[in-house]
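Below is the file work.cif, which contains mmCIF, C-alpha atoms and all ligand atoms.
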```cif
data_coords
loop_
_atom_site.group_PDB
_atom_site.id
_atom_site.type_symbol
_atom_site.label_atom_id
_atom_site.label_comp_id
_atom_site.auth_asym_id
_atom_site.auth_seq_id
_atom_site.Cartn_x
_atom_site.Cartn_y
_atom_site.Cartn_z
ATOM 1 C CA MET A 1268 -2.748 -21.871 3.612
ATOM 2 C CA ARG A 1269 -3.638 -20.551 0.185
ATOM 3 C CA LEU A 1270 -0.204 -19.097 -0.594
ATOM 4 C CA LYS A 1271 2.190 -21.670 0.784
ATOM 5 C CA SER A 1272 5.322 -21.836 -1.368
ATOM 6 C CA LYS A 1273 4.721 -18.375 -2.910
ATOM 7 C CA THR A 1274 7.157 -15.507 -2.475
ATOM 8 C CA ALA A 1275 5.641 -12.034 -2.729
ATOM 9 C CA LEU A 1276 7.112 -8.567 -3.067
ATOM 10 C CA VAL A 1277 4.922 -5.675 -1.911
ATOM 11 C CA THR A 1278 5.761 -2.002 -2.462
ATOM 12 C CA ALA A 1279 4.513 0.775 -0.157
ATOM 13 C CA ALA A 1280 3.804 -1.816 2.515
ATOM 14 C CA GLY A 1281 4.525 0.548 5.399
ATOM 15 C CA GLN A 1282 0.909 1.531 5.956
ATOM 16 C CA GLY A 1283 -2.565 1.493 4.438
ATOM 17 C CA ILE A 1284 -3.560 -1.021 1.773
ATOM 18 C CA GLY A 1285 0.035 -2.186 1.219
ATOM 19 C CA ARG A 1286 0.473 -3.110 4.865
ATOM 20 C CA ALA A 1287 -2.930 -4.795 5.160
ATOM 21 C CA SER A 1288 -2.168 -6.790 2.007
ATOM 22 C CA ALA A 1289 1.323 -7.818 3.111
ATOM 23 C CA LEU A 1290 -0.138 -9.080 6.402
ATOM 24 C CA ALA A 1291 -2.926 -10.954 4.607
ATOM 25 C CA LEU A 1292 -0.484 -12.565 2.144
ATOM 26 C CA ALA A 1293 1.776 -13.648 5.025
ATOM 27 C CA ALA A 1294 -1.184 -15.004 6.998
ATOM 28 C CA GLN A 1295 -1.912 -17.289 4.009
ATOM 29 C CA GLY A 1296 1.609 -18.687 4.109
ATOM 30 C CA ALA A 1297 3.402 -16.537 1.522
ATOM 31 C CA GLN A 1298 6.958 -15.449 2.189
ATOM 32 C CA VAL A 1299 6.447 -11.706 1.979
ATOM 33 C CA TRP A 1300 8.999 -8.995 1.333
ATOM 34 C CA ALA A 1301 7.368 -5.859 2.661
ATOM 35 C CA THR A 1302 9.062 -2.726 1.348
ATOM 36 C CA ASP A 1303 8.512 0.990 1.776
ATOM 37 C CA LEU A 1304 10.238 4.305 1.217
ATOM 38 C CA ASN A 1305 9.977 5.007 4.951
ATOM 39 C CA PRO A 1306 11.989 2.394 6.872
ATOM 40 C CA ARG A 1307 10.497 3.445 10.220
ATOM 41 C CA LEU A 1308 7.084 2.228 9.081
ATOM 42 C CA LEU A 1309 8.578 -1.221 8.470
ATOM 43 C CA ASP A 1310 9.410 -1.624 12.192
ATOM 44 C CA GLY A 1311 5.750 -2.480 12.656
ATOM 45 C CA TYR A 1312 6.446 -5.892 11.087
ATOM 46 C CA ASP A 1313 8.857 -6.964 13.833
ATOM 47 C CA GLY A 1314 7.955 -10.437 15.044
ATOM 48 C CA ILE A 1315 5.362 -11.139 12.324
ATOM 49 C CA ALA A 1316 5.764 -14.590 10.792
ATOM 50 C CA ASN A 1317 6.614 -14.897 7.079
ATOM 51 C CA VAL A 1318 7.435 -11.190 6.630
ATOM 52 C CA ARG A 1319 10.842 -9.761 5.831
ATOM 53 C CA THR A 1320 11.284 -6.059 5.318
ATOM 54 C CA ALA A 1321 13.519 -3.884 3.176
ATOM 55 C CA PRO A 1322 13.519 -0.155 2.507
ATOM 56 C CA LEU A 1323 12.697 0.531 -1.137
ATOM 57 C CA ASP A 1324 12.090 3.770 -3.000
ATOM 58 C CA VAL A 1325 10.186 2.765 -6.118
ATOM 59 C CA LEU A 1326 11.439 5.912 -7.846
ATOM 60 C CA ASP A 1327 14.933 4.375 -7.749
ATOM 61 C CA LYS A 1328 15.187 1.946 -10.690
ATOM 62 C CA ALA A 1329 18.576 0.552 -9.636
ATOM 63 C CA ALA A 1330 17.315 -0.092 -6.101
ATOM 64 C CA ILE A 1331 14.331 -2.040 -7.470
ATOM 65 C CA GLU A 1332 16.660 -4.144 -9.637
ATOM 66 C CA ARG A 1333 19.008 -4.805 -6.709
ATOM 67 C CA LEU A 1334 16.203 -5.883 -4.418
ATOM 68 C CA VAL A 1335 14.564 -8.165 -6.980
ATOM 69 C CA ALA A 1336 17.943 -9.794 -7.687
ATOM 70 C CA GLN A 1337 18.370 -10.530 -3.954
ATOM 71 C CA LEU A 1338 15.036 -12.305 -3.498
ATOM 72 C CA PRO A 1339 15.244 -16.084 -3.071
ATOM 73 C CA ALA A 1340 12.259 -16.470 -5.431
ATOM 74 C CA LEU A 1341 9.500 -14.315 -6.852
ATOM 75 C CA ASP A 1342 5.945 -15.428 -7.588
ATOM 76 C CA VAL A 1343 3.841 -12.393 -6.707
ATOM 77 C CA LEU A 1344 4.480 -8.687 -7.217
ATOM 78 C CA PHE A 1345 2.044 -6.204 -5.690
ATOM 79 C CA ASN A 1346 2.807 -2.704 -7.005
ATOM 80 C CA CYS A 1347 0.972 -0.655 -4.405
ATOM 81 C CA ALA A 1348 2.894 2.643 -4.257
ATOM 82 C CA GLY A 1349 1.018 5.726 -5.390
ATOM 83 C CA PHE A 1350 0.164 9.318 -4.614
ATOM 84 C CA VAL A 1351 -3.039 11.378 -4.922
ATOM 85 C CA HIS A 1352 -2.856 14.891 -6.349
ATOM 86 C CA ASN A 1353 -5.734 17.269 -5.772
ATOM 87 C CA GLY A 1354 -6.974 19.642 -8.454
ATOM 88 C CA THR A 1355 -8.421 20.088 -11.915
ATOM 89 C CA ILE A 1356 -6.407 20.416 -15.102
ATOM 90 C CA LEU A 1357 -6.291 24.185 -14.527
ATOM 91 C CA GLN A 1358 -4.328 23.773 -11.301
ATOM 92 C CA ALA A 1359 -2.072 20.947 -12.467
ATOM 93 C CA THR A 1360 1.631 21.654 -12.884
ATOM 94 C CA ASP A 1361 4.152 19.814 -15.039
ATOM 95 C CA GLU A 1362 6.076 18.898 -11.888
ATOM 96 C CA GLU A 1363 3.008 17.311 -10.269
ATOM 97 C CA TRP A 1364 2.219 15.442 -13.492
ATOM 98 C CA ASP A 1365 5.781 14.092 -13.691
ATOM 99 C CA PHE A 1366 5.823 13.113 -10.022
ATOM 100 C CA ALA A 1367 2.484 11.280 -10.272
ATOM 101 C CA PHE A 1368 3.349 9.452 -13.469
ATOM 102 C CA ASN A 1369 6.741 8.473 -12.065
ATOM 103 C CA LEU A 1370 5.335 7.186 -8.781
ATOM 104 C CA ASN A 1371 2.000 5.787 -9.937
ATOM 105 C CA VAL A 1372 2.987 4.382 -13.345
ATOM 106 C CA ARG A 1373 6.715 4.365 -14.116
ATOM 107 C CA SER A 1374 7.502 2.591 -10.827
ATOM 108 C CA GLN A 1375 5.215 -0.243 -11.915
ATOM 109 C CA PHE A 1376 6.931 -0.384 -15.322
ATOM 110 C CA TRP A 1377 10.320 -0.659 -13.583
ATOM 111 C CA ALA A 1378 9.222 -3.208 -10.975
ATOM 112 C CA ILE A 1379 7.560 -5.439 -13.565
ATOM 113 C CA GLN A 1380 10.541 -5.163 -15.905
ATOM 114 C CA ALA A 1381 12.795 -6.285 -13.055
ATOM 115 C CA ALA A 1382 10.460 -9.036 -11.819
ATOM 116 C CA LEU A 1383 9.423 -10.622 -15.126
ATOM 117 C CA PRO A 1384 12.673 -12.446 -15.942
ATOM 118 C CA ARG A 1385 12.528 -14.111 -12.507
ATOM 119 C CA MET A 1386 8.881 -15.042 -13.005
ATOM 120 C CA LEU A 1387 9.493 -16.352 -16.519
ATOM 121 C CA ALA A 1388 12.213 -18.625 -15.127
ATOM 122 C CA ASN A 1389 9.789 -20.196 -12.601
ATOM 123 C CA ARG A 1390 8.540 -23.787 -13.030
ATOM 124 C CA GLY A 1391 11.678 -24.873 -14.833
ATOM 125 C CA GLY A 1392 11.372 -22.104 -17.419
ATOM 126 C CA GLN A 1393 7.643 -22.568 -18.148
ATOM 127 C CA GLY A 1394 6.986 -19.334 -16.325
ATOM 128 C CA GLY A 1395 4.751 -18.527 -13.392
ATOM 129 C CA GLY A 1396 3.776 -15.385 -11.597
ATOM 130 C CA SER A 1397 1.021 -12.996 -10.628
ATOM 131 C CA ILE A 1398 1.448 -9.238 -10.926
ATOM 132 C CA ILE A 1399 -1.068 -7.024 -9.150
ATOM 133 C CA ASN A 1400 -1.049 -3.308 -9.914
ATOM 134 C CA MET A 1401 -2.716 -0.627 -7.821
ATOM 135 C CA ALA A 1402 -5.160 1.371 -9.927
ATOM 136 C CA SER A 1403 -8.254 3.077 -8.485
ATOM 137 C CA VAL A 1404 -11.930 3.528 -9.181
ATOM 138 C CA CYS A 1405 -10.753 6.995 -10.148
ATOM 139 C CA GLY A 1406 -9.304 6.714 -13.641
ATOM 140 C CA SER A 1407 -10.599 4.349 -16.289
ATOM 141 C CA LEU A 1408 -13.728 3.375 -14.345
ATOM 142 C CA LYS A 1409 -14.883 6.786 -13.183
ATOM 143 C CA GLY A 1410 -13.947 10.440 -13.430
ATOM 144 C CA LEU A 1411 -13.899 12.160 -10.047
ATOM 145 C CA PRO A 1412 -13.769 15.908 -9.392
ATOM 146 C CA SER A 1413 -10.360 17.450 -8.663
ATOM 147 C CA ARG A 1414 -8.493 14.273 -9.525
ATOM 148 C CA PHE A 1415 -7.137 15.231 -12.966
ATOM 149 C CA ILE A 1416 -3.541 14.045 -12.578
ATOM 150 C CA TYR A 1417 -4.455 11.138 -10.336
ATOM 151 C CA GLY A 1418 -7.193 9.864 -12.648
ATOM 152 C CA ALA A 1419 -4.949 10.135 -15.700
ATOM 153 C CA SER A 1420 -2.148 8.227 -13.977
ATOM 154 C CA LYS A 1421 -4.411 5.483 -12.616
ATOM 155 C CA ALA A 1422 -6.022 5.026 -16.052
ATOM 156 C CA ALA A 1423 -2.489 4.550 -17.394
ATOM 157 C CA VAL A 1424 -2.014 1.757 -14.848
ATOM 158 C CA VAL A 1425 -4.910 -0.090 -16.448
ATOM 159 C CA GLY A 1426 -3.358 0.192 -19.912
ATOM 160 C CA LEU A 1427 -0.003 -0.938 -18.567
ATOM 161 C CA THR A 1428 -1.689 -3.891 -16.832
ATOM 162 C CA LYS A 1429 -3.534 -5.038 -19.945
ATOM 163 C CA SER A 1430 -0.413 -4.705 -22.112
ATOM 164 C CA VAL A 1431 1.661 -6.881 -19.799
ATOM 165 C CA ALA A 1432 -1.208 -9.368 -19.506
ATOM 166 C CA ALA A 1433 -1.523 -9.594 -23.319
ATOM 167 C CA ASP A 1434 2.197 -10.075 -23.910
ATOM 168 C CA PHE A 1435 2.746 -12.783 -21.295
ATOM 169 C CA VAL A 1436 -0.589 -14.607 -21.116
ATOM 170 C CA GLY A 1437 0.944 -17.615 -22.862
ATOM 171 C CA ARG A 1438 3.979 -17.761 -20.600
ATOM 172 C CA GLY A 1439 2.476 -18.365 -17.184
ATOM 173 C CA ILE A 1440 2.273 -14.745 -16.120
ATOM 174 C CA ARG A 1441 -0.943 -13.068 -15.024
ATOM 175 C CA CYS A 1442 -1.233 -9.306 -14.579
ATOM 176 C CA ASN A 1443 -4.286 -7.659 -13.033
ATOM 177 C CA ALA A 1444 -5.152 -4.334 -11.452
ATOM 178 C CA ILE A 1445 -7.224 -3.533 -8.404
ATOM 179 C CA ALA A 1446 -9.453 -0.490 -8.118
ATOM 180 C CA PRO A 1447 -10.467 0.378 -4.574
ATOM 181 C CA GLY A 1448 -13.064 2.972 -3.647
ATOM 182 C CA THR A 1449 -12.214 5.357 -0.820
ATOM 183 C CA VAL A 1450 -10.151 3.618 1.850
ATOM 184 C CA ASP A 1451 -9.537 4.954 5.349
ATOM 185 C CA THR A 1452 -5.726 5.082 5.314
ATOM 186 C CA PRO A 1453 -3.168 7.532 6.763
ATOM 187 C CA SER A 1454 -2.864 9.438 3.489
ATOM 188 C CA LEU A 1455 -6.656 9.811 3.209
ATOM 189 C CA ALA A 1456 -6.659 11.235 6.741
ATOM 190 C CA GLU A 1457 -4.005 13.749 5.622
ATOM 191 C CA ARG A 1458 -6.090 14.696 2.591
ATOM 192 C CA ILE A 1459 -9.170 15.149 4.756
ATOM 193 C CA ASN A 1460 -7.278 17.252 7.310
ATOM 194 C CA SER A 1461 -5.951 19.549 4.598
ATOM 195 C CA TYR A 1462 -9.494 20.859 3.925
ATOM 196 C CA ASP A 1463 -10.743 23.990 5.721
ATOM 197 C CA ASP A 1464 -13.614 21.917 7.088
ATOM 198 C CA PRO A 1465 -12.318 18.367 7.634
ATOM 199 C CA ALA A 1466 -15.646 17.085 9.012
ATOM 200 C CA GLU A 1467 -17.454 18.201 5.860
ATOM 201 C CA ALA A 1468 -14.651 16.768 3.697
ATOM 202 C CA ARG A 1469 -14.948 13.383 5.425
ATOM 203 C CA LYS A 1470 -18.711 13.422 4.872
ATOM 204 C CA ASN A 1471 -18.130 14.055 1.159
ATOM 205 C CA PHE A 1472 -15.589 11.216 0.873
ATOM 206 C CA VAL A 1473 -18.051 8.876 2.630
ATOM 207 C CA ALA A 1474 -20.888 9.998 0.346
ATOM 208 C CA ARG A 1475 -18.978 8.720 -2.706
ATOM 209 C CA GLN A 1476 -19.746 5.146 -1.631
ATOM 210 C CA PRO A 1477 -23.395 4.068 -1.851
ATOM 211 C CA MET A 1478 -22.630 1.754 1.091
ATOM 212 C CA GLY A 1479 -22.371 4.926 3.139
ATOM 213 C CA ARG A 1480 -18.922 4.423 4.577
ATOM 214 C CA LEU A 1481 -15.220 4.245 3.793
ATOM 215 C CA ALA A 1482 -13.448 0.919 3.319
ATOM 216 C CA GLN A 1483 -10.890 -0.282 5.820
ATOM 217 C CA ALA A 1484 -7.588 -1.397 4.334
ATOM 218 C CA HIS A 1485 -8.123 -5.008 5.465
ATOM 219 C CA GLU A 1486 -11.271 -5.074 3.316
ATOM 220 C CA ILE A 1487 -9.165 -4.518 0.185
ATOM 221 C CA ALA A 1488 -6.492 -7.096 1.073
ATOM 222 C CA PRO A 1489 -8.624 -10.187 0.222
ATOM 223 C CA ILE A 1490 -8.725 -9.289 -3.485
ATOM 224 C CA VAL A 1491 -4.922 -9.084 -3.413
ATOM 225 C CA VAL A 1492 -4.737 -12.526 -1.781
ATOM 226 C CA TYR A 1493 -7.148 -13.935 -4.371
ATOM 227 C CA LEU A 1494 -5.153 -12.528 -7.291
ATOM 228 C CA ALA A 1495 -1.883 -13.717 -5.748
ATOM 229 C CA SER A 1496 -3.217 -17.241 -5.300
ATOM 230 C CA ASP A 1497 -3.818 -19.979 -7.858
ATOM 231 C CA GLU A 1498 -7.560 -19.557 -7.230
ATOM 232 C CA SER A 1499 -7.417 -16.725 -9.779
ATOM 233 C CA VAL A 1500 -5.493 -18.846 -12.287
ATOM 234 C CA PHE A 1501 -7.938 -18.028 -15.150
ATOM 235 C CA ALA A 1502 -7.998 -14.263 -14.508
ATOM 236 C CA THR A 1503 -5.663 -11.865 -16.273
ATOM 237 C CA GLY A 1504 -5.725 -8.373 -17.732
ATOM 238 C CA GLN A 1505 -8.682 -7.328 -15.577
ATOM 239 C CA VAL A 1506 -9.494 -4.534 -13.184
ATOM 240 C CA PHE A 1507 -11.011 -5.759 -9.913
ATOM 241 C CA SER A 1508 -13.027 -3.060 -8.222
ATOM 242 C CA VAL A 1509 -13.737 -3.181 -4.476
ATOM 243 C CA ASP A 1510 -15.568 0.065 -3.951
ATOM 244 C CA GLY A 1511 -18.627 0.024 -1.709
ATOM 245 C CA GLY A 1512 -20.853 0.381 -4.743
ATOM 246 C CA MET A 1513 -19.140 3.406 -6.238
ATOM 247 C CA THR A 1514 -19.228 1.953 -9.760
ATOM 248 C CA ILE A 1515 -22.599 0.158 -9.638
HETATM 249 P P1 LIG B 1601 -0.926 5.629 1.984
HETATM 250 O O1 LIG B 1601 -1.035 6.604 0.861
HETATM 251 O O2 LIG B 1601 -1.491 6.027 3.309
HETATM 252 O O3 LIG B 1601 0.564 5.161 2.173
HETATM 253 C C1 LIG B 1601 1.414 5.143 1.068
HETATM 254 C C2 LIG B 1601 2.711 4.459 1.430
HETATM 255 O O4 LIG B 1601 3.541 4.612 0.290
HETATM 256 C C3 LIG B 1601 3.457 5.074 2.618
HETATM 257 O O5 LIG B 1601 3.848 4.051 3.503
HETATM 258 C C4 LIG B 1601 4.664 5.741 1.956
HETATM 259 O O6 LIG B 1601 5.824 5.753 2.777
HETATM 260 C C5 LIG B 1601 4.848 4.868 0.722
HETATM 261 N N1 LIG B 1601 5.590 5.533 -0.352
HETATM 262 C C6 LIG B 1601 5.472 6.815 -0.756
HETATM 263 N N2 LIG B 1601 6.367 7.070 -1.737
HETATM 264 C C7 LIG B 1601 7.047 5.910 -1.957
HETATM 265 C C8 LIG B 1601 8.108 5.543 -2.817
HETATM 266 N N3 LIG B 1601 8.668 6.427 -3.663
HETATM 267 N N4 LIG B 1601 8.566 4.268 -2.770
HETATM 268 C C9 LIG B 1601 8.027 3.373 -1.925
HETATM 269 N N5 LIG B 1601 7.033 3.669 -1.062
HETATM 270 C C10 LIG B 1601 6.549 4.926 -1.083
HETATM 271 O O7 LIG B 1601 -1.595 4.259 1.511
HETATM 272 P P2 LIG B 1601 -2.943 3.977 0.734
HETATM 273 O O8 LIG B 1601 -3.929 5.107 0.892
HETATM 274 O O9 LIG B 1601 -3.319 2.593 1.122
HETATM 275 O O10 LIG B 1601 -2.522 4.011 -0.816
HETATM 276 C C11 LIG B 1601 -1.800 2.962 -1.397
HETATM 277 C C12 LIG B 1601 -2.150 2.864 -2.858
HETATM 278 O O11 LIG B 1601 -3.552 2.660 -3.000
HETATM 279 C C13 LIG B 1601 -1.827 4.106 -3.689
HETATM 280 O O12 LIG B 1601 -1.344 3.701 -4.957
HETATM 281 C C14 LIG B 1601 -3.174 4.788 -3.827
HETATM 282 O O13 LIG B 1601 -3.254 5.591 -4.988
HETATM 283 C C15 LIG B 1601 -4.080 3.584 -3.925
HETATM 284 N N6 LIG B 1601 -5.477 3.851 -3.609
HETATM 285 C C16 LIG B 1601 -5.813 4.379 -2.405
HETATM 286 C C17 LIG B 1601 -7.139 4.651 -2.133
HETATM 287 C C18 LIG B 1601 -7.570 5.268 -0.822
HETATM 288 O O14 LIG B 1601 -8.715 5.752 -0.740
HETATM 289 N N7 LIG B 1601 -6.736 5.258 0.202
HETATM 290 C C19 LIG B 1601 -8.132 4.350 -3.094
HETATM 291 C C20 LIG B 1601 -7.737 3.791 -4.310
HETATM 292 C C21 LIG B 1601 -6.406 3.547 -4.560
#
```
Starting from the file, lay out its structure as structure tokens.
Amino acid sequence: MRLKSKTALVTAAGQGIGRASALALAAQGAQVWATDLNPRLLDGYDGIANVRTAPLDVLDKAAIERLVAQLPALDVLFNCAGFVHNGTILQATDEEWDFAFNLNVRSQFWAIQAALPRMLANRGGQGGGSIINMASVCGSLKGLPSRFIYGASKAAVVGLTKSVAADFVGRGIRCNAIAPGTVDTPSLAERINSYDDPAEARKNFVARQPMGRLAQAHEIAPIVVYLASDESVFATGQVFSVDGGMTI
């Protein structure tokens, strides 16, 4: 059990990468708080050992603060929530920009701000904690077509991650980002189905990965487990890409 005695909070754990990661963290012995905007999705955790669930809208700062204050302990925060906008800068609206930056970036700012005092109090005040932020290949690592708002927001996640890492590196806190390639999740299926020719769209998403396929969510979860565990004790401020060769 690589995560025995760790308590982890996961946002957007109702489906996709968040759910696969929450399950993987729990399977390694962490006490996991799996949260999501949609409480119905959390029913899928019924009966799973080491997982407790709570509805949480990461756009609600007070709700984040309340939940963090209720946790018995906090060692790992996985900020997974995010949304993909389609379009170039010419299609982008101010409303879409605000929504994306609130959900993809500001929510991480709020969750980390709430979690840090708890983490800094760990180990008798010496501090201890691992923060894992969801970025993407799309953003600081690679520009992708029709991902203007998304890429800008995910690049901001990398800057946020490195800033937190730099400020707290001497106080027992590590902060890293993960950057998946294209992952076969419910929201990707929605994006694919919104194209006039979904079969062609799927082919194009697959073609982005030199490995010639999409990732499954459980193939991203191991990097989250690694970063949550003490195995990654010397790693901070980095972006860990798991992308089927997209950034070779
Ligand atoms: P998804 O998009 O299928 O599911 C997202 C989950 O987030 C849902 O359960 C939804 O209810 C929840 N959610 C939405 N708004 C929320 C809010 N305000 N508060 C709390 N929860 C909320 O899952 P996914 O595709 O695994 O994406 C998860 C993260 O991974 C996102 O940040 C996404 O940008 C990132 N990502 C995904 C891919 C991919 O190809 N799927 C690739 C790279 C990065």
Point to revise | Test item: residues no farther than 9 Å from ligand LIG 1601 (chain B), counting only C-alpha atoms and all ligand atoms, as number ranges by chain | key: A: 1278-1287, 1302-1306, 1308-1309, 1322-1327, 1346-1351, 1369-1371, 1374, 1400-1405, 1417, 1421, 1445-1457, 1472, 1481-1484, 1510
Review point. Which one of A:Val1491, A:Val1506, A:Ile1416, A:Leu1387 sits closest to A:Gly1437 if you count all atoms listed in the file?
Key: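 Smallest separation from A:Gly1437 among the options: A:Leu1387.
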Exercise for review: Apply the PyMOL selection byres (((chain A and resi 1316) around 8) and not hetatm) to the structure shown and report the selected residues as a ChimeraX atom specification.
Suggested key: /A:1293-1294,1314-1315,1317-1318
Practice item. Go ahead and compute the interatomic distance for atom CA of A:Ala1422 and atom CA of A:Phe1368, in Å to one decimal. Key: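 Result for atom CA of A:Ala1422 versus atom CA of A:Phe1368: 10.7 Å, one decimal.
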Exercise for review: Find the residue from A:Phe1345, A:Trp1300, A:Trp1364, A:Trp1377 that sits nearest to A:Ala1329; use all atoms listed in the file when measuring.
Suggested key: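 The closest residue to A:Ala1329 is A:Trp1377.
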Review point. A:Arg1475, A:Arg1414, A:Arg1319, A:Lys1409: which is nearest A:Pro1339, counting all atoms listed in the file?
Key: A:Arg1319
Exercise for review: For atom CA of A:Ala1419 and atom CA of A:Asp1342, determine how far apart the two atoms are, in Å to one decimal place.
Suggested key: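 Between these atoms lies a distance of 28.9 Å.
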Check your understanding: Between atom CA of A:Lys1470 and atom CA of A:Ser1420, what is the distance, to one decimal in Å?
Key ->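 Separation of atom CA of A:Lys1470 and atom CA of A:Ser1420: 25.6 Å.
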Review point. A:Val1500: which residues within 12 Å, counting all atoms listed in the file, same-chain residues fewer than 6 positions away excluded, as a list in words?
Key: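 Counting all atoms listed in the file, the residues come to Gly1395, Gly1396, Ser1397, Ile1398, Val1436, Gly1439, Ile1440, Arg1441, Cys1442, Asn1443, Tyr1493 and Leu1494 of chain A.
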Exercise for review: Apply the PyMOL selection byres (((chain A and resi 1432) around 7) and not hetatm) to the structure shown and report the selected residues as a ChimeraX atom specification.
Suggested key: /A:1428-1431,1433-1436,1441-1442,1503-1504
**Study point:** Top pick for closest residue to A:Arg1458, considering A:His1485, A:Arg1373, A:Arg1438, A:His1352 and counting all atoms listed in the file
**Key:**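 Counting all atoms listed in the file, the residue closest to A:Arg1458 is A:His1352.
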So that all listed atoms of stretch 1435-1441 of chain A fit with 3 Å spare on each side, what axis-aligned box centre and edge lengths in Å, to one decimal, would you give as AutoDock Vina command-line options?
```
--center_x 1.5 --center_y -15.6 --center_z -18.9 --size_x 10.9 --size_y 11.6 --size_z 13.8
```
